[in-house]
Amino acid sequence: MALSARYFEARCLEILGRKDEAADIYQEVAEAGNPNPYREDARLTAASILIGRGRKIDALKQYEALSNETQKPALKAETAVRGGIIALDLVQADKGRIDKTMVERATSLLQKGRSLPEAGRFRAIAQVGLRRLQYQSGQYAQLLADYKKEQDKLPEAAQAEVMLLGANSERQLGHADKAEELYRQIIAKYPDREEAKEAAYQRLINVYNSDPAALLAEAEEFLKTSPTGERADQVKLLKAEALYKQQNYTEAVPIYAELRASQLSPKLRAESAYKLGLCYVQTKNTPEIVEAFTYYIQTFPDNPQVPAALAQRALAYEQDKNYNAALSDLNLIITKYPSAHEREAALQLKALILGQQENAKDMVGTFRQLLREFPKSSVAAQAQYYIGKAAFEAKDYKTAMTALNAARQLNKAEYYNLASLRLILCQFYLKDRPALTKEMNSFMANSPNVNPPPEVLEWLGIEYFNEKNYQTAEKYLSTLGKIDNRGSVKPDFWFYLGDAATKLKNFSEAEDAFGKYLQTAKDPAGKAKVLLALGAVKIGAHKPDDAQKIAEEIMALQPEGRVNAEARLLAGDVQLERGNFDDAGKAFMSVALLYDDPAITPRALDKAASAYQRAGRVDEADRLSRQLRERYPNYARG
């Protein structure tokens, strides 16, 4: 009696329109124990109400239970199929994912309903439902196999829909020709059915995938059939997508712009609005880029592509040098969308803009944040380079060296030269000569076509020259000499290079170096000094005529004094080189007689004695040697 009262209370509530209350009571009645003559009707009615109220999961439970409980074969088949169709609707989970558990429930219920002899009209519904399920869950090959086996057995009313699912499966598998054939069959065989209209549209998608260039004409023909507003907009979107794929952005723009106010679904409207912005990106129309993405952000604020739109707008602002607006968008991505794919690029662009604004402190802080959050970032080398560059400019050379070295290790191709040049300067300013030498040698070996800093080459060259390490000195000074723009380096280095080359008996390089120095020398004394060195080189290179001219030039520049004496000694060396030993002895003796200089006279006596010895005037040579020993005993002993 109580159960009967509850059942009829639910009936009354249902008639009064209080269906949620009725459904709850029907479910209570259905769950009551036996004997329960109201269970089947309560479950069936509850399920019907629950579907109408959008409570599909609860309705599925009722149909599922009833298909297991009832002893009536026809009702068992009906409820199994109805439950399977509801489960089919629930297969597509959030964000497009497939609910595998729901796939299994739908499959079980539909196969159960189809297999019962008493299924009647529900058998065809179950068969179509199974094909839909296969399509939704991506079982395209299985769908086609089953479709080919069962197509002739399906009722006429169900054949068009299953054929359409088969055509779509062929398209999904990339079988464009087979899909085309099926679409045309549907259109021809069922011209008045909704499936024909759907096939005509799906065929356009097939054409878009297989031959985008042919889509434009096909789409125009389709639009001439006066499709519904939403379908017409979907075809226009296909046209725009085909133009975009062909990189015909100019013609795609007006179509995408029109679709912003279309009857498309919110998802497709958002996609078309975003693509409009991308078209303007490709055509480099900065004001329109900003407008398009501003519209997108304002109209679809909850769309997952908003961070990407903000990033595109920030890039446009940055290219337009509207740095503050760009930073505003980038900061929004960084703060509001912590897991966005664009976060890494946003941090990178923010840091680079701060660098453009000469805000080194915040630039470094942003790059360091990027490295913390994305230690394996593809732009880690760039981040390290700019951190090192900022530290270098702040004269924090030790910090700079760590970051610069990391930059070139991470990306040698792009940052080796840039980082190495600054590393060389860091060690130069720290006066760490061993480390600088190692770094410089490595750089010169790896980048022979890139000029090292001239002031560093000069410093190293002269440092090693002063240590009498002439080979190393020549290496750096010679490299310095090959640089056209040497900045503030004075030409004096040519003298050191010439002297080092002379000591290494590299007379060709010495001649060239002294010659370069003389081209810039203005001080007569300095010029004369270098001419003397050049004269000695000419002698070493067996060019006595050139040496003679140099000796005469020096004597003209300095008619008297020590430099004049050196020039006379050079003239004697010329005679020695020519083999005129007697003349050479006379030239040396004239210097010894004219000058009483402890730095000149003993050398003149020594040279004269040697020349007379070679001339065969042994007595004169011995006499000069005795004179040298008596007057300059320290020189004679070496």
# chains A, B, ... in the order shown; residues from 1 in each chain; ligands from 1
call {"tool": "residues_around", "arguments": {"residues": "segment 20-35 of chain A", "least_positions_apart": "2", "cutoff": "12 Å", "atoms": "only C-alpha atoms", "output": "ChimeraX atom specification"}}
result
/A:1-18,37-55,58-59,61-63,65-66,69
call {"tool": "write_last_selection", "arguments": {"atoms": "N, CA and C atoms", "output": "short mmCIF file (atom, residue, chain, number, x, y, z; two decimals), in the first residue's frame"}}
result
data_model
loop_
_atom_site.label_atom_id
_atom_site.label_comp_id
_atom_site.auth_asym_id
_atom_site.auth_seq_id
_atom_site.Cartn_x
_atom_site.Cartn_y
_atom_site.Cartn_z
N MET A 1 0.84 -1.20 0.00
CA MET A 1 0.00 0.00 0.00
C MET A 1 0.88 1.26 0.00
N ALA A 2 1.91 1.25 0.86
CA ALA A 2 2.81 2.41 0.93
C ALA A 2 3.53 2.60 -0.40
N LEU A 3 4.01 1.48 -1.02
CA LEU A 3 4.72 1.56 -2.29
C LEU A 3 3.79 2.10 -3.38
N SER A 4 2.55 1.63 -3.35
CA SER A 4 1.56 2.11 -4.33
C SER A 4 1.33 3.60 -4.16
N ALA A 5 1.24 4.03 -2.90
CA ALA A 5 1.02 5.46 -2.63
C ALA A 5 2.18 6.29 -3.18
N ARG A 6 3.40 5.81 -2.97
CA ARG A 6 4.58 6.56 -3.46
C ARG A 6 4.58 6.63 -4.99
N TYR A 7 4.24 5.52 -5.62
CA TYR A 7 4.23 5.48 -7.08
C TYR A 7 3.24 6.49 -7.64
N PHE A 8 1.99 6.48 -7.05
CA PHE A 8 0.97 7.39 -7.58
C PHE A 8 1.25 8.84 -7.17
N GLU A 9 1.96 9.04 -6.06
CA GLU A 9 2.40 10.41 -5.72
C GLU A 9 3.32 10.93 -6.83
N ALA A 10 4.24 10.07 -7.30
CA ALA A 10 5.14 10.46 -8.38
C ALA A 10 4.36 10.75 -9.66
N ARG A 11 3.33 9.95 -9.95
CA ARG A 11 2.51 10.20 -11.13
C ARG A 11 1.85 11.58 -11.05
N CYS A 12 1.33 11.88 -9.86
CA CYS A 12 0.66 13.18 -9.67
C CYS A 12 1.66 14.33 -9.85
N LEU A 13 2.85 14.21 -9.25
CA LEU A 13 3.87 15.25 -9.37
C LEU A 13 4.28 15.42 -10.84
N GLU A 14 4.35 14.31 -11.58
CA GLU A 14 4.71 14.38 -13.00
C GLU A 14 3.65 15.16 -13.78
N ILE A 15 2.35 14.87 -13.49
CA ILE A 15 1.27 15.55 -14.20
C ILE A 15 1.24 17.03 -13.83
N LEU A 16 1.61 17.37 -12.59
CA LEU A 16 1.62 18.76 -12.14
C LEU A 16 2.85 19.53 -12.65
N GLY A 17 3.74 18.83 -13.37
CA GLY A 17 4.92 19.50 -13.92
C GLY A 17 6.09 19.57 -12.97
N ARG A 18 5.97 18.91 -11.80
CA ARG A 18 7.07 18.92 -10.83
C ARG A 18 7.93 17.67 -11.08
N PRO A 37 5.53 -4.39 -8.15
CA PRO A 37 4.91 -4.38 -9.48
C PRO A 37 5.15 -3.06 -10.23
N TYR A 38 5.70 -2.06 -9.53
CA TYR A 38 5.86 -0.74 -10.16
C TYR A 38 7.29 -0.49 -10.68
N ARG A 39 8.20 -1.45 -10.46
CA ARG A 39 9.62 -1.20 -10.74
C ARG A 39 9.87 -0.84 -12.21
N GLU A 40 9.39 -1.63 -13.11
CA GLU A 40 9.69 -1.40 -14.53
C GLU A 40 9.14 -0.07 -15.00
N ASP A 41 7.90 0.21 -14.67
CA ASP A 41 7.31 1.48 -15.12
C ASP A 41 8.02 2.65 -14.44
N ALA A 42 8.38 2.49 -13.16
CA ALA A 42 9.07 3.57 -12.44
C ALA A 42 10.42 3.87 -13.08
N ARG A 43 11.16 2.81 -13.42
CA ARG A 43 12.48 3.02 -14.04
C ARG A 43 12.31 3.66 -15.42
N LEU A 44 11.38 3.16 -16.19
CA LEU A 44 11.18 3.67 -17.55
C LEU A 44 10.77 5.14 -17.53
N THR A 45 9.85 5.47 -16.63
CA THR A 45 9.37 6.86 -16.55
C THR A 45 10.46 7.76 -15.99
N ALA A 46 11.17 7.29 -14.97
CA ALA A 46 12.26 8.09 -14.39
C ALA A 46 13.31 8.39 -15.45
N ALA A 47 13.67 7.38 -16.22
CA ALA A 47 14.68 7.57 -17.26
C ALA A 47 14.23 8.62 -18.27
N SER A 48 12.95 8.54 -18.66
CA SER A 48 12.43 9.50 -19.63
C SER A 48 12.49 10.92 -19.09
N ILE A 49 12.10 11.08 -17.82
CA ILE A 49 12.16 12.43 -17.21
C ILE A 49 13.60 12.90 -17.08
N LEU A 50 14.47 12.02 -16.64
CA LEU A 50 15.88 12.39 -16.42
C LEU A 50 16.54 12.85 -17.72
N ILE A 51 16.22 12.19 -18.83
CA ILE A 51 16.77 12.63 -20.12
C ILE A 51 16.30 14.03 -20.43
N GLY A 52 15.02 14.27 -20.23
CA GLY A 52 14.47 15.60 -20.50
C GLY A 52 15.08 16.68 -19.63
N ARG A 53 15.52 16.31 -18.44
CA ARG A 53 16.13 17.28 -17.52
C ARG A 53 17.65 17.36 -17.70
N GLY A 54 18.20 16.63 -18.69
CA GLY A 54 19.64 16.69 -18.96
C GLY A 54 20.47 15.84 -18.03
N ARG A 55 19.83 14.98 -17.25
CA ARG A 55 20.56 14.15 -16.29
C ARG A 55 20.84 12.79 -16.94
N ASP A 58 22.18 9.64 -14.85
CA ASP A 58 21.14 9.00 -14.03
C ASP A 58 20.18 8.21 -14.92
N ALA A 59 19.85 8.76 -16.10
CA ALA A 59 18.96 8.04 -17.02
C ALA A 59 19.61 6.75 -17.49
N LYS A 61 21.72 4.90 -15.93
CA LYS A 61 21.67 3.90 -14.85
C LYS A 61 20.32 3.19 -14.83
N GLN A 62 19.25 3.95 -15.07
CA GLN A 62 17.91 3.35 -15.04
C GLN A 62 17.72 2.39 -16.22
N TYR A 63 18.11 2.82 -17.43
CA TYR A 63 17.96 1.95 -18.59
C TYR A 63 18.84 0.71 -18.45
N ALA A 65 19.89 -0.73 -15.68
CA ALA A 65 19.32 -1.63 -14.68
C ALA A 65 18.10 -2.37 -15.23
N LEU A 66 17.25 -1.61 -15.95
CA LEU A 66 16.02 -2.22 -16.47
C LEU A 66 16.33 -3.29 -17.52
N GLU A 69 17.09 -6.33 -15.53
CA GLU A 69 16.08 -6.86 -14.62
C GLU A 69 14.85 -7.44 -15.34
#
call {"tool": "residues_around", "arguments": {"residues": "segment 206-211 of chain A", "least_positions_apart": "5", "cutoff": "10 Å", "atoms": "only C-alpha atoms", "output": "MDAnalysis selection string"}}
result
chainID A and resid 167:168 170:172 174:177 179:180 183 200:201 216 218:219 238:239 241:242 245
call {"tool": "residues_around", "arguments": {"residues": "Leu605 of chain A", "least_positions_apart": "2", "cutoff": "12 Å", "atoms": "only C-alpha atoms", "output": "ChimeraX atom specification"}}
result
/A:569,572,584-603,607-612,620-632,635-636
call {"tool": "residues_around", "arguments": {"residues": "segment 454-463 of chain A", "least_positions_apart": "5", "cutoff": "9 Å", "atoms": "only C-alpha atoms", "output": "ChimeraX atom specification"}}
result
/A:424-425,428,433,436-437,440,468-470,472-480,483,485-489,493,496-497
call {"tool": "residues_around", "arguments": {"residues": "segment 185-188 of chain A", "least_positions_apart": "3", "cutoff": "12 Å", "atoms": "only C-alpha atoms", "output": "NGL selection string"}}
result
:A and (159-168 or 178-182 or 191-203)
call {"tool": "atom_distance", "arguments": {"atom1": "atom CA of Asn580 of chain A", "atom2": "atom CA of Val530 of chain A"}}
result
25.7 Å
call {"tool": "closest_atom_pairs", "arguments": {"of": "segment 236-255 of chain A", "to": "segment 266-283 of chain A", "cutoff": "10 Å", "atoms": "only C-alpha atoms", "output": "tab-separated table"}}
result
residue	atom	partner	partner_atom	distance
A:Leu237	CA	A:Ser272	CA	7.1
A:Ala240	CA	A:Ser272	CA	8.5
A:Glu241	CA	A:Lys275	CA	8.6
A:Tyr244	CA	A:Cys279	CA	7.6
A:Gln247	CA	A:Gln282	CA	8.6
A:Asn248	CA	A:Cys279	CA	8.8
A:Tyr249	CA	A:Cys279	CA	5.3
A:Thr250	CA	A:Cys279	CA	7.4
A:Glu251	CA	A:Cys279	CA	9.5
A:Ala252	CA	A:Cys279	CA	7.5
A:Val253	CA	A:Leu276	CA	5.9
A:Pro254	CA	A:Leu276	CA	8.5
A:Ile255	CA	A:Leu276	CA	8.7
call {"tool": "select_by_dssp", "arguments": {"residues": "segment 176-279 of chain A", "states": "helix (DSSP H, G or I)", "output": "number ranges by chain"}}
result
A: 176-189, 194-210, 212-223, 229-245, 249-259, 266-279
call {"tool": "atom_distance", "arguments": {"atom1": "atom CA of Gly535 of chain A", "atom2": "atom CA of Gln558 of chain A"}}
result
15.1 Å
